[in-house]
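Note: the block below is work.cif and it holds mmCIF, C-alpha atoms.
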```
data_my_file
loop_
_atom_site.label_atom_id
_atom_site.label_comp_id
_atom_site.auth_asym_id
_atom_site.auth_seq_id
_atom_site.Cartn_x
_atom_site.Cartn_y
_atom_site.Cartn_z
CA MET A 1118 76.20 95.52 -170.76
CA ASP A 1119 75.56 98.56 -168.60
CA LEU A 1120 78.87 99.11 -166.81
CA GLU A 1121 77.43 101.52 -164.28
CA GLU A 1122 74.74 99.05 -163.23
CA GLN A 1123 77.20 96.18 -163.09
CA TYR A 1124 79.65 98.29 -161.09
CA ASP A 1125 77.04 98.65 -158.34
CA LYS A 1126 76.24 94.95 -158.40
CA ILE A 1127 79.84 93.80 -158.30
CA TYR A 1128 80.59 96.32 -155.57
CA ARG A 1129 77.63 94.95 -153.58
CA TYR A 1130 78.94 91.42 -154.07
CA CYS A 1131 82.48 92.40 -153.01
CA TYR A 1132 81.15 94.22 -149.97
CA PHE A 1133 79.16 91.13 -149.02
CA LYS A 1134 82.37 89.12 -149.23
CA LEU A 1135 84.75 91.57 -147.55
CA HIS A 1136 82.61 93.81 -145.29
CA HIS A 1137 85.04 96.62 -146.01
CA GLN A 1138 84.00 99.59 -148.10
CA GLN A 1139 87.38 100.71 -149.44
CA MET A 1140 88.59 97.23 -150.11
CA ALA A 1141 85.32 96.28 -151.80
CA GLU A 1142 85.62 99.27 -154.08
CA ASP A 1143 89.25 98.50 -154.88
CA ILE A 1144 88.36 94.93 -155.78
CA THR A 1145 85.40 96.10 -157.88
CA GLN A 1146 87.64 98.40 -159.89
CA GLU A 1147 90.30 95.73 -160.25
CA THR A 1148 87.60 93.31 -161.45
CA PHE A 1149 86.50 95.67 -164.19
CA LEU A 1150 90.06 96.46 -165.24
CA ARG A 1151 90.83 92.76 -165.61
CA PHE A 1152 87.56 92.12 -167.40
CA LEU A 1153 88.13 94.91 -169.88
CA GLU A 1154 91.82 94.11 -170.31
CA ASP A 1155 91.10 90.77 -171.94
CA ASN A 1156 88.88 91.01 -174.99
CA ALA A 1157 88.29 87.28 -174.80
CA TYR A 1158 86.01 87.68 -171.77
CA TYR A 1159 83.75 89.96 -173.71
CA GLU A 1160 83.86 87.91 -176.88
CA ARG A 1161 83.03 84.55 -175.36
CA GLY A 1162 79.69 85.59 -173.89
CA GLN A 1163 78.62 84.81 -170.32
CA LYS A 1164 80.03 88.18 -169.35
CA LEU A 1165 78.37 88.17 -165.93
CA ARG A 1166 79.87 84.81 -165.09
CA TYR A 1167 83.34 86.14 -165.89
CA LEU A 1168 82.77 89.31 -163.91
CA TYR A 1169 81.62 87.42 -160.81
CA THR A 1170 84.38 84.85 -161.15
CA ILE A 1171 87.06 87.55 -161.29
CA ALA A 1172 85.49 89.38 -158.34
CA HIS A 1173 85.23 86.14 -156.35
CA ASN A 1174 88.86 85.18 -157.05
CA LEU A 1175 90.09 88.64 -156.08
CA CYS A 1176 88.10 88.49 -152.84
CA VAL A 1177 89.62 85.09 -152.08
CA ASP A 1178 93.09 86.59 -152.65
CA VAL A 1179 92.28 89.32 -150.15
CA TYR A 1180 91.14 86.72 -147.59
CA ARG A 1181 94.45 84.92 -147.92
CA LYS A 1182 96.59 88.05 -147.68
CA LYS A 1183 94.72 89.43 -144.69
CA GLN A 1184 94.94 86.38 -142.48
CA THR A 1185 95.94 88.49 -139.51
CA GLU A 1186 92.68 90.38 -139.77
CA PRO A 1187 90.09 87.63 -140.09
CA LEU A 1188 86.76 88.73 -141.37
CA THR A 1189 84.13 88.81 -138.75
CA ASP A 1190 80.85 87.00 -139.13
CA GLU A 1191 79.05 90.22 -138.59
CA PHE A 1192 76.92 90.98 -141.57
CA LEU A 1193 75.94 94.50 -140.60
CA SER A 1194 78.06 97.45 -141.65
CA GLU A 1195 78.92 100.23 -139.27
CA ASP A 1196 77.40 102.76 -141.52
CA LYS A 1197 74.74 104.31 -139.33
CA GLU A 1198 72.87 105.83 -142.20
CA ASN A 1199 72.56 102.46 -143.84
CA GLU A 1200 71.51 100.89 -140.56
CA ILE A 1201 68.47 103.09 -140.49
CA LEU A 1202 67.56 102.44 -144.07
CA THR A 1203 67.83 98.68 -143.99
CA SER A 1204 65.61 96.26 -142.27
CA ILE A 1205 67.31 95.03 -139.10
CA ALA A 1206 65.01 92.07 -138.82
CA ILE A 1207 65.97 90.73 -142.24
CA LYS A 1208 69.65 91.38 -141.61
CA GLU A 1209 69.54 89.37 -138.42
CA ALA A 1210 67.60 86.61 -140.10
CA LEU A 1211 70.14 86.50 -142.90
CA LEU A 1212 72.92 86.03 -140.35
CA ARG A 1213 71.35 82.73 -139.37
CA LEU A 1214 71.64 81.41 -142.90
CA THR A 1215 74.87 79.91 -144.22
CA LYS A 1216 77.25 82.04 -146.26
CA GLU A 1217 76.41 79.99 -149.33
CA GLU A 1218 72.68 80.61 -148.88
CA GLN A 1219 73.27 84.32 -148.36
CA GLU A 1220 75.37 84.42 -151.52
CA ILE A 1221 72.65 82.69 -153.53
CA LEU A 1222 69.99 85.10 -152.28
CA LEU A 1223 72.21 88.08 -153.05
CA LEU A 1224 72.94 86.90 -156.58
CA ARG A 1225 69.40 85.75 -157.35
CA TYR A 1226 67.18 88.42 -155.76
CA VAL A 1227 69.36 91.45 -155.17
CA ASN A 1228 71.79 91.47 -158.09
CA GLU A 1229 69.22 89.67 -160.28
CA VAL A 1230 71.81 87.52 -162.02
CA PRO A 1231 70.15 85.04 -164.44
CA VAL A 1232 69.86 81.49 -163.08
CA SER A 1233 72.04 80.03 -165.85
CA GLU A 1234 74.85 82.50 -165.03
CA ILE A 1235 74.64 81.71 -161.30
CA CYS A 1236 74.81 77.97 -162.04
CA ASN A 1237 77.88 78.46 -164.23
CA PHE A 1238 79.54 80.75 -161.72
CA LEU A 1239 78.87 78.56 -158.65
CA LYS A 1240 79.36 75.39 -160.71
CA VAL A 1241 76.09 73.86 -159.53
CA SER A 1242 73.09 72.40 -161.34
CA ARG A 1243 69.82 74.26 -161.85
CA PHE A 1244 68.08 71.75 -159.63
CA PHE A 1245 70.59 72.30 -156.82
CA LEU A 1246 70.22 76.07 -157.09
CA TYR A 1247 66.43 75.84 -157.10
CA ARG A 1248 66.47 73.58 -154.04
CA LYS A 1249 68.96 75.77 -152.16
CA THR A 1250 67.06 78.96 -152.96
CA LYS A 1251 63.76 77.47 -151.88
CA LYS A 1252 65.28 76.17 -148.66
CA ALA A 1253 66.97 79.50 -147.86
CA LEU A 1254 63.78 81.45 -148.49
CA LYS A 1255 61.71 79.08 -146.39
CA GLN A 1256 64.21 79.30 -143.57
CA LEU A 1257 64.29 83.08 -143.83
CA GLN A 1258 60.51 83.28 -143.70
CA GLU A 1259 60.41 80.94 -140.70
CA ILE A 1260 62.97 83.04 -138.81
CA LEU A 1261 61.11 86.22 -139.60
CA GLY A 1262 57.90 84.49 -138.65
CA LYS A 1263 55.73 87.27 -139.97
CA GLU A 1264 52.79 86.69 -142.27
CA GLU A 1265 53.65 89.73 -144.34
CA PHE A 1266 56.87 88.08 -145.56
CA LYS A 1267 55.14 84.89 -146.70
CA MET B 852 58.66 86.13 -154.30
CA ASN B 853 57.05 88.35 -151.68
CA LYS B 854 57.72 91.97 -152.67
CA LYS B 855 58.31 93.09 -149.10
CA LEU B 856 60.82 90.33 -148.50
CA LYS B 857 62.62 91.15 -151.74
CA LYS B 858 62.82 94.82 -150.80
CA GLY B 859 64.04 93.85 -147.35
CA LEU B 860 66.74 91.64 -148.86
CA GLN B 861 67.84 94.42 -151.18
CA ASP B 862 68.11 96.79 -148.22
CA ALA B 863 69.94 94.23 -146.11
CA PHE B 864 72.59 93.67 -148.75
CA GLU B 865 72.95 97.35 -149.60
CA PRO B 866 76.55 98.43 -149.08
CA PRO B 867 77.66 102.00 -148.28
CA ALA B 868 77.61 104.18 -151.39
CA PRO B 869 80.80 103.82 -153.46
CA THR B 870 82.99 106.89 -153.32
CA ARG B 871 85.09 106.58 -156.48
CA LYS B 872 82.60 105.13 -158.94
CA LYS B 873 82.18 108.08 -161.31
CA GLU B 874 85.90 108.83 -161.50
CA PHE B 875 86.61 105.20 -162.29
CA LEU B 876 83.91 104.81 -164.93
CA ASN B 877 85.11 108.00 -166.63
CA THR B 878 88.63 106.66 -166.93
CA ILE B 879 87.94 103.21 -168.32
CA PRO B 880 87.99 102.85 -172.10
CA GLN B 881 84.99 101.87 -174.22
CA LEU B 882 84.41 98.15 -174.39
CA LYS B 883 86.24 96.70 -177.34
CA ILE B 884 84.44 94.48 -179.79
CA GLY B 885 86.04 91.99 -182.15
CA ASN B 886 85.55 92.03 -185.91
CA MET B 887 83.53 88.83 -185.93
CA SER B 888 81.25 90.02 -183.12
CA PHE B 889 80.70 93.29 -184.95
CA LEU B 890 79.95 91.43 -188.17
CA TYR B 891 77.52 89.14 -186.38
CA SER B 892 75.80 92.03 -184.59
CA GLN B 893 75.27 93.82 -187.91
CA LEU B 894 74.00 90.66 -189.58
CA MET B 895 71.12 90.70 -187.09
CA TYR B 896 70.15 94.24 -188.14
CA ILE B 897 69.69 93.36 -191.82
CA PRO B 898 65.90 93.31 -192.33
CA GLN B 899 64.07 90.10 -193.11
CA TYR B 900 62.78 91.29 -196.48
CA VAL B 901 66.37 91.37 -197.81
CA TRP B 902 66.70 87.66 -197.16
CA GLY B 903 63.15 87.21 -198.46
CA VAL B 904 64.08 88.72 -201.85
CA PHE B 905 67.27 86.66 -201.86
CA SER B 906 65.33 83.44 -201.24
CA PHE B 907 62.61 84.37 -203.73
CA VAL B 908 65.09 84.85 -206.60
CA LEU B 909 66.90 81.68 -205.62
CA GLY B 910 63.61 79.78 -205.48
CA ILE B 911 62.48 81.13 -208.86
CA ALA B 912 65.79 80.01 -210.39
CA ILE B 913 65.49 76.51 -208.97
CA VAL B 914 61.78 75.95 -209.60
CA GLY B 915 61.62 78.01 -212.82
CA GLY B 916 64.64 76.19 -214.23
CA CYS B 917 62.71 72.92 -214.18
CA PHE B 918 59.59 74.25 -215.95
CA LEU B 919 60.60 77.27 -218.03
CA GLU B 920 64.08 76.22 -219.09
CA LYS B 921 65.17 78.79 -221.74
CA ASP B 922 63.07 81.65 -220.37
CA ILE B 923 64.59 81.40 -216.92
CA LEU B 924 67.57 83.60 -217.86
CA TRP B 925 65.31 86.51 -218.78
CA ILE B 926 63.15 86.08 -215.72
CA VAL B 927 66.14 85.96 -213.37
CA SER B 928 67.75 88.83 -215.27
CA ALA B 929 64.55 90.86 -214.76
CA LEU B 930 64.54 90.04 -211.04
CA ILE B 931 68.20 90.90 -210.45
CA PRO B 932 67.58 94.69 -210.24
CA PHE B 933 65.36 94.03 -207.21
CA VAL B 934 68.19 92.16 -205.50
CA ALA B 935 70.39 95.21 -206.13
CA LEU B 936 67.58 97.44 -204.86
CA CYS B 937 67.85 95.74 -201.45
CA VAL B 938 71.48 96.84 -201.20
CA ILE B 939 70.63 100.42 -202.11
CA ILE B 940 67.72 100.67 -199.67
CA GLU B 941 69.81 99.15 -196.89
CA ASN B 942 72.61 101.58 -197.73
CA ALA B 943 70.26 104.53 -197.53
CA ARG B 944 68.17 103.36 -194.54
CA SER B 945 69.68 105.82 -192.05
CA ASP B 946 69.22 108.63 -194.51
CA VAL B 947 65.63 107.65 -195.32
CA TYR B 948 64.73 107.84 -191.62
CA LEU B 949 66.78 111.04 -191.22
CA MET B 950 69.07 109.40 -188.67
CA SER B 951 72.35 109.52 -190.59
CA GLU B 952 73.69 112.66 -188.90
CA LEU B 953 73.12 111.15 -185.47
CA GLU B 954 74.58 107.78 -186.45
CA MET B 955 77.76 109.42 -187.72
CA THR B 956 78.66 110.32 -184.14
CA THR B 957 77.69 107.11 -182.39
CA ARG B 958 80.07 104.52 -180.92
CA PHE B 959 80.05 102.51 -184.13
CA SER B 960 80.01 105.16 -186.79
CA LEU B 961 77.61 104.99 -189.70
CA LYS B 962 80.57 104.45 -191.99
CA SER B 963 81.75 101.26 -190.27
CA VAL B 964 78.19 99.96 -189.85
CA LEU B 965 77.40 100.51 -193.52
CA LEU B 966 80.67 98.99 -194.70
CA VAL B 967 80.02 95.84 -192.69
CA ARG B 968 76.40 95.55 -193.82
CA MET B 969 77.35 96.13 -197.45
CA ALA B 970 80.08 93.52 -197.14
CA ILE B 971 77.55 90.99 -195.81
CA LEU B 972 75.01 91.77 -198.54
CA GLY B 973 77.67 91.94 -201.26
CA LEU B 974 79.03 88.56 -200.27
CA SER B 975 75.60 86.96 -200.11
CA HIS B 976 74.67 88.40 -203.53
CA LEU B 977 77.94 87.17 -204.96
CA LEU B 978 77.08 83.68 -203.76
CA LEU B 979 73.61 84.07 -205.27
CA LEU B 980 75.11 85.05 -208.63
CA PHE B 981 77.58 82.18 -208.46
CA PHE B 982 74.59 79.89 -208.20
CA LEU B 983 72.31 81.65 -210.71
CA ILE B 984 74.84 82.04 -213.52
CA PRO B 985 75.58 78.31 -214.01
CA VAL B 986 71.88 77.41 -213.57
CA CYS B 987 70.80 79.90 -216.25
CA ALA B 988 73.73 78.95 -218.50
CA VAL B 989 72.75 75.27 -218.41
CA TYR B 990 69.10 75.88 -219.30
CA ASN B 991 69.90 78.47 -222.02
CA SER B 992 72.79 76.59 -223.63
CA MET B 993 74.93 79.71 -223.36
CA PHE B 994 78.47 80.26 -222.19
CA ILE B 995 78.85 80.97 -218.52
CA PHE B 996 80.64 84.23 -219.36
CA GLN B 997 77.78 85.38 -221.60
CA THR B 998 75.13 84.48 -219.01
CA GLY B 999 77.18 86.19 -216.33
CA LEU B 1000 77.21 89.41 -218.36
CA TYR B 1001 73.41 89.34 -218.80
CA LEU B 1002 72.87 88.88 -215.08
CA VAL B 1003 75.62 91.04 -213.60
CA LEU B 1004 75.04 94.05 -215.86
CA PRO B 1005 71.49 94.86 -214.63
CA TYR B 1006 72.71 94.36 -211.05
CA VAL B 1007 75.63 96.77 -211.42
CA LEU B 1008 73.50 99.24 -213.40
CA THR B 1009 70.82 99.33 -210.68
CA THR B 1010 73.45 99.65 -207.96
CA THR B 1011 75.30 102.48 -209.69
CA ILE B 1012 72.20 104.55 -210.44
CA GLY B 1013 70.78 103.79 -206.98
CA LEU B 1014 73.96 104.88 -205.23
CA TRP B 1015 74.00 108.08 -207.26
CA ILE B 1016 70.38 108.78 -206.30
CA VAL B 1017 70.86 108.19 -202.56
CA ARG B 1018 73.95 110.40 -202.62
CA LYS B 1019 72.15 113.27 -204.32
CA ILE B 1020 68.63 113.00 -202.90
CA HIS B 1021 67.88 112.59 -199.19
CA GLY B 1022 64.89 111.23 -197.35
CA THR B 1023 62.11 108.92 -198.46
CA GLU B 1024 62.09 110.28 -202.04
CA SER B 1025 65.40 108.59 -202.75
CA MET B 1026 63.92 105.22 -201.81
CA TYR B 1027 60.96 105.65 -204.19
CA LEU B 1028 63.25 106.79 -206.98
CA CYS B 1029 65.48 103.74 -206.48
CA MET B 1030 62.41 101.51 -206.64
CA GLY B 1031 61.44 103.24 -209.89
CA VAL B 1032 64.91 102.66 -211.29
CA ALA B 1033 64.84 98.97 -210.35
CA ILE B 1034 61.41 98.52 -211.93
CA GLY B 1035 62.57 100.45 -215.02
CA ILE B 1036 65.71 98.34 -215.49
CA SER B 1037 63.78 95.16 -214.89
CA GLY B 1038 61.13 96.17 -217.45
CA MET B 1039 63.76 97.35 -219.92
CA ASN B 1040 65.49 94.00 -219.64
CA PHE B 1041 62.30 92.15 -220.41
CA PHE B 1042 61.35 94.58 -223.16
CA ALA B 1043 64.76 94.29 -224.85
CA GLN B 1044 64.52 90.50 -224.78
CA CYS B 1045 61.08 90.57 -226.42
CA VAL B 1046 61.57 93.41 -228.95
CA PHE B 1047 65.32 93.44 -229.66
CA PRO B 1048 66.51 89.89 -229.00
CA VAL B 1049 69.27 90.63 -231.49
CA ILE B 1050 71.30 92.48 -228.81
CA TYR B 1051 71.72 89.20 -226.94
CA GLN B 1052 73.54 87.61 -229.88
CA MET B 1053 77.16 86.59 -229.53
CA LYS B 1054 78.41 89.35 -231.89
CA TYR B 1055 77.35 92.02 -229.40
CA ILE B 1056 79.14 90.40 -226.48
CA SER B 1057 82.00 92.94 -226.64
CA PHE B 1058 79.45 95.76 -226.29
CA TRP B 1059 78.03 94.09 -223.16
CA PHE B 1060 81.49 93.53 -221.75
CA ILE B 1061 82.63 97.13 -222.29
CA SER B 1062 79.36 98.42 -220.80
CA LEU B 1063 79.86 96.23 -217.73
CA MET B 1064 83.45 97.43 -217.26
CA VAL B 1065 82.37 101.09 -217.54
CA LEU B 1066 79.56 100.47 -215.06
CA ILE B 1067 81.89 98.72 -212.60
CA VAL B 1068 84.24 101.73 -212.69
CA LEU B 1069 81.31 104.11 -212.16
CA CYS B 1070 79.96 101.90 -209.37
CA ILE B 1071 83.31 101.90 -207.54
CA LYS B 1072 83.44 105.69 -207.88
CA GLU B 1073 79.92 105.98 -206.45
CA ILE B 1074 80.77 103.63 -203.57
CA ARG B 1075 83.81 105.78 -202.71
CA LYS B 1076 81.76 108.97 -202.85
CA ASN B 1077 79.06 107.38 -200.67
CA ILE B 1078 81.63 106.27 -198.10
CA LYS B 1079 83.11 109.76 -198.05
CA GLN B 1080 79.66 111.17 -197.38
CA THR B 1081 79.31 109.01 -194.28
CA GLU B 1082 82.64 110.01 -192.70
CA GLU B 1083 82.47 110.46 -188.96
CA LEU B 1084 81.35 113.82 -187.71
CA ALA B 1085 83.55 115.48 -185.13
CA TRP B 1086 81.74 117.58 -182.54
CA ASN B 1087 82.90 121.13 -182.39
CA LEU B 1088 82.98 121.79 -178.67
CA SER B 1089 84.88 125.05 -178.78
#
```
Go through the file and emit its structure as structure tokens.
Amino acid sequence: MDLEEQYDKIYRYCYFKLHHQQMAEDITQETFLRFLEDNAYYERGQKLRYLYTIAHNLCVDVYRKKQTEPLTDEFLSEDKENEILTSIAIKEALLRLTKEEQEILLLRYVNEVPVSEICNFLKVSRFFLYRKTKKALKQLQEILGKEEFK
Amino acid sequence: MNKKLKKGLQDAFEPPAPTRKKEFLNTIPQLKIGNMSFLYSQLMYIPQYVWGVFSFVLGIAIVGGCFLEKDILWIVSALIPFVALCVIIENARSDVYLMSELEMTTRFSLKSVLLVRMAILGLSHLLLLFFLIPVCAVYNSMFIFQTGLYLVLPYVLTTTIGLWIVRKIHGTESMYLCMGVAIGISGMNFFAQCVFPVIYQMKYISFWFISLMVLIVLCIKEIRKNIKQTEELAWNLS
């Protein structure tokens, strides 16, 4: 497993969950420390599933602790540089999808996590994941409404 | 999926660049790996031909035992050096491909890799001998001990000479020499059985036993010297 590559992917996932750069990076590092601390994670296979589960649980802990500062629904970061680089149209379209659909798209098409690992991590069937992904993509394409995205 | 949409999604989910990534990755230790995982990973690297030779000898013993009966001992005994040859070639593989120096400094050093692979092959060959010795003893009406000597001695002899060769000679030449030795011992075995069958009589059993003991001692010495030769290299960064 390429730690450097996975670091970026877990950090992206944490940022998606928390919308806070420093916190996302803290959680990413904590995820790796916990993953590496217990040899059993590495031995039992399904390493990605463990990594994402740890990251998810840590993000949930942060949600609970920071109840006074509820996370906004805003998907966009304030990073101006990033704003320029990313497609605003797609970002806005993504905002109209549910959090679950966004998460599936992130895992499947951005972090390129294998389908079996996503199913194990989200505790859903392959059929459910396939249906959800197809629905989310169709919805996204409809919102965007451009031929070039179809 | 549409390439443009995929690219757009990747951009949309892109977080700000992490600020402490390199520092963190430099501080975390190497991923640990358990003994069983290491053993399993090395098992996968053992080439197919090794298992092919193993199965061939096993097959000859089973099939040959039914048709050749008494001659099976000498056939198996002549094939045993080739089983030993597999161990030697596997042991010298890094050296043959001139990769040993590099592998001595890798995460799993050449020494640990070789020890694990030799343990796997040694164990499998031990099982093979445990099967072959009683089979040959039954068809030849000999004692198990006597049959064991006739089968184990060519194996240990090939291993000892092979280990000595790969320690002294590097590169592809060592592999050809080991093949020559295996063929020589195999032929010698067959030749001795045809021309001097007298040496296989019970009265010479002590000679066989002493020879085997001497060879085992020499083999252990060679194994130790080989292991020493594959000690990890420490980079001199000063």
If you take all atoms listed in the file and a cut-off of 10 Å, which residues of chain B touch chain A, and what are their nearest atom pairs and distances in Å to one decimal, in chain and number order, as JSON lines?
```
{"residue": "B:Met852", "atom": "CA", "partner": "A:Lys1267", "partner_atom": "CA", "distance": 8.5}
{"residue": "B:Asn853", "atom": "CA", "partner": "A:Phe1266", "partner_atom": "CA", "distance": 6.1}
{"residue": "B:Lys854", "atom": "CA", "partner": "A:Phe1266", "partner_atom": "CA", "distance": 8.1}
{"residue": "B:Lys855", "atom": "CA", "partner": "A:Phe1266", "partner_atom": "CA", "distance": 6.3}
{"residue": "B:Leu856", "atom": "CA", "partner": "A:Phe1266", "partner_atom": "CA", "distance": 5.4}
{"residue": "B:Lys857", "atom": "CA", "partner": "A:Tyr1226", "partner_atom": "CA", "distance": 6.7}
{"residue": "B:Lys858", "atom": "CA", "partner": "A:Val1227", "partner_atom": "CA", "distance": 8.6}
{"residue": "B:Gly859", "atom": "CA", "partner": "A:Ser1204", "partner_atom": "CA", "distance": 5.8}
{"residue": "B:Leu860", "atom": "CA", "partner": "A:Ile1207", "partner_atom": "CA", "distance": 6.7}
{"residue": "B:Gln861", "atom": "CA", "partner": "A:Val1227", "partner_atom": "CA", "distance": 5.2}
{"residue": "B:Asp862", "atom": "CA", "partner": "A:Thr1203", "partner_atom": "CA", "distance": 4.6}
{"residue": "B:Ala863", "atom": "CA", "partner": "A:Lys1208", "partner_atom": "CA", "distance": 5.3}
{"residue": "B:Phe864", "atom": "CA", "partner": "A:Phe1133", "partner_atom": "CA", "distance": 7.0}
{"residue": "B:Glu865", "atom": "CA", "partner": "A:Arg1129", "partner_atom": "CA", "distance": 6.6}
{"residue": "B:Pro866", "atom": "CA", "partner": "A:Arg1129", "partner_atom": "CA", "distance": 5.8}
{"residue": "B:Pro867", "atom": "CA", "partner": "A:Asn1199", "partner_atom": "CA", "distance": 6.8}
{"residue": "B:Ala868", "atom": "CA", "partner": "A:Gln1138", "partner_atom": "CA", "distance": 8.5}
{"residue": "B:Pro869", "atom": "CA", "partner": "A:Glu1142", "partner_atom": "CA", "distance": 6.7}
{"residue": "B:Thr870", "atom": "CA", "partner": "A:Glu1142", "partner_atom": "CA", "distance": 8.1}
{"residue": "B:Arg871", "atom": "CA", "partner": "A:Glu1142", "partner_atom": "CA", "distance": 7.7}
{"residue": "B:Lys872", "atom": "CA", "partner": "A:Tyr1124", "partner_atom": "CA", "distance": 7.8}
{"residue": "B:Lys873", "atom": "CA", "partner": "A:Glu1121", "partner_atom": "CA", "distance": 8.6}
{"residue": "B:Phe875", "atom": "CA", "partner": "A:Gln1146", "partner_atom": "CA", "distance": 7.3}
{"residue": "B:Leu876", "atom": "CA", "partner": "A:Glu1121", "partner_atom": "CA", "distance": 7.3}
{"residue": "B:Ile879", "atom": "CA", "partner": "A:Leu1150", "partner_atom": "CA", "distance": 7.7}
{"residue": "B:Pro880", "atom": "CA", "partner": "A:Leu1153", "partner_atom": "CA", "distance": 8.2}
{"residue": "B:Gln881", "atom": "CA", "partner": "A:Leu1153", "partner_atom": "CA", "distance": 8.8}
{"residue": "B:Leu882", "atom": "CA", "partner": "A:Leu1153", "partner_atom": "CA", "distance": 6.7}
{"residue": "B:Lys883", "atom": "CA", "partner": "A:Asn1156", "partner_atom": "CA", "distance": 6.7}
{"residue": "B:Ile884", "atom": "CA", "partner": "A:Glu1160", "partner_atom": "CA", "distance": 7.2}
{"residue": "B:Gly885", "atom": "CA", "partner": "A:Glu1160", "partner_atom": "CA", "distance": 7.0}
{"residue": "B:Met887", "atom": "CA", "partner": "A:Glu1160", "partner_atom": "CA", "distance": 9.1}
{"residue": "B:Ser888", "atom": "CA", "partner": "A:Glu1160", "partner_atom": "CA", "distance": 7.1}
```
>> Report as JSON, numbers by chain all protein, DNA and RNA residues lying within 9 Å of A:Ile1235, evaluated on all atoms listed in the file, omitting residues in the same chain fewer than 6 positions from it.
In response: {"A": [1165, 1166, 1221, 1224, 1225, 1241, 1243, 1246]}
>> Just checking: using all atoms listed in the file, which residue out of B:Ser1025, B:Gln997, B:Ser1062, B:Asn942 ends up closest to B:Gly973?
In response: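 Of all the options, B:Asn942 lies closest to B:Gly973.
One distance worth recording is that between atom CA of B:Met1039 and atom CA of B:Asn1077, which is 26.6 Å.
You can rank B:Tyr891, B:Tyr1027, B:Trp902, B:Phe1042 by their closest distance to B:Ile939 using all atoms listed in the file, and at the top of that list sits B:Tyr1027.
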> Which residues come within 10 Å of B:Cys1029, counting only C-alpha atoms, excluding same-chain residues fewer than 3 positions away, as a ChimeraX atom specification?
Replying inline: /B:933,935-937,939-940,1009-1010,1012-1017,1024-1026,1032-1035
> Skipping near chain neighbours, those fewer than 4 positions away, what residues fall within 7 Å of B:Val947 using all atoms listed in the file, listed as number ranges by chain?
Replying inline: B: 943, 1021-1023
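Taking atom CA of B:Ile926 and atom CA of B:Leu1066 as endpoints, the distance between them is 21.8 Å.
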>> Quick check on the file I pasted: which residues fall under the PyMOL selection byres ((chain B and resi 1067) around 10)? Write them as a PyMOL selection string.
In response: chain B and resi 1003-1004+1007-1008+1010-1011+1061-1066+1068-1073
Would you give the centre and edge lengths, in Å to one decimal, of a box along x, y and z around the listed atoms of stretch 1011-1019 of chain B, with 5 Å added to each side, as lines of an AutoDock Vina configuration file?
```
center_x = 72.8
center_y = 107.9
center_z = -206.5
size_x = 14.9
size_y = 20.8
size_z = 17.9
```
> What gap, in Å, lies between atom CA of A:Thr1250 and atom CA of A:Asn1237?
Replying inline: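 Atom-to-atom, atom CA of A:Thr1250 to atom CA of A:Asn1237, that is 15.6 Å.
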Take stretch 1239-1249 of chain A, model N, CA and C atoms, and hand the result over as an mmCIF file, in the coordinates of the input.
```
data_model
loop_
_atom_site.group_PDB
_atom_site.id
_atom_site.type_symbol
_atom_site.label_atom_id
_atom_site.label_comp_id
_atom_site.auth_asym_id
_atom_site.auth_seq_id
_atom_site.Cartn_x
_atom_site.Cartn_y
_atom_site.Cartn_z
ATOM 1 N N LEU A 1239 78.718 79.368 -159.876
ATOM 2 C CA LEU A 1239 78.870 78.560 -158.650
ATOM 3 C C LEU A 1239 79.168 77.085 -158.953
ATOM 4 N N LYS A 1240 79.119 76.769 -160.238
ATOM 5 C CA LYS A 1240 79.360 75.390 -160.710
ATOM 6 C C LYS A 1240 78.400 74.398 -160.025
ATOM 7 N N VAL A 1241 77.127 74.742 -160.073
ATOM 8 C CA VAL A 1241 76.090 73.860 -159.530
ATOM 9 C C VAL A 1241 74.998 73.663 -160.582
ATOM 10 N N SER A 1242 74.165 72.655 -160.366
ATOM 11 C CA SER A 1242 73.090 72.400 -161.340
ATOM 12 C C SER A 1242 71.903 73.328 -161.042
ATOM 13 N N ARG A 1243 71.029 73.438 -162.016
ATOM 14 C CA ARG A 1243 69.820 74.260 -161.850
ATOM 15 C C ARG A 1243 68.966 73.714 -160.703
ATOM 16 N N PHE A 1244 68.891 72.394 -160.660
ATOM 17 C CA PHE A 1244 68.080 71.750 -159.630
ATOM 18 C C PHE A 1244 68.619 72.078 -158.238
ATOM 19 N N PHE A 1245 69.959 72.008 -158.104
ATOM 20 C CA PHE A 1245 70.590 72.300 -156.820
ATOM 21 C C PHE A 1245 70.306 73.749 -156.406
ATOM 22 N N LEU A 1246 70.443 74.647 -157.386
ATOM 23 C CA LEU A 1246 70.220 76.070 -157.090
ATOM 24 C C LEU A 1246 68.770 76.316 -156.679
ATOM 25 N N TYR A 1247 67.854 75.685 -157.401
ATOM 26 C CA TYR A 1247 66.430 75.840 -157.100
ATOM 27 C C TYR A 1247 66.144 75.344 -155.680
ATOM 28 N N ARG A 1248 66.700 74.189 -155.348
ATOM 29 C CA ARG A 1248 66.470 73.580 -154.040
ATOM 30 C C ARG A 1248 67.053 74.454 -152.920
ATOM 31 N N LYS A 1249 68.270 74.925 -153.161
ATOM 32 C CA LYS A 1249 68.960 75.770 -152.160
ATOM 33 C C LYS A 1249 68.210 77.073 -151.936
#
```
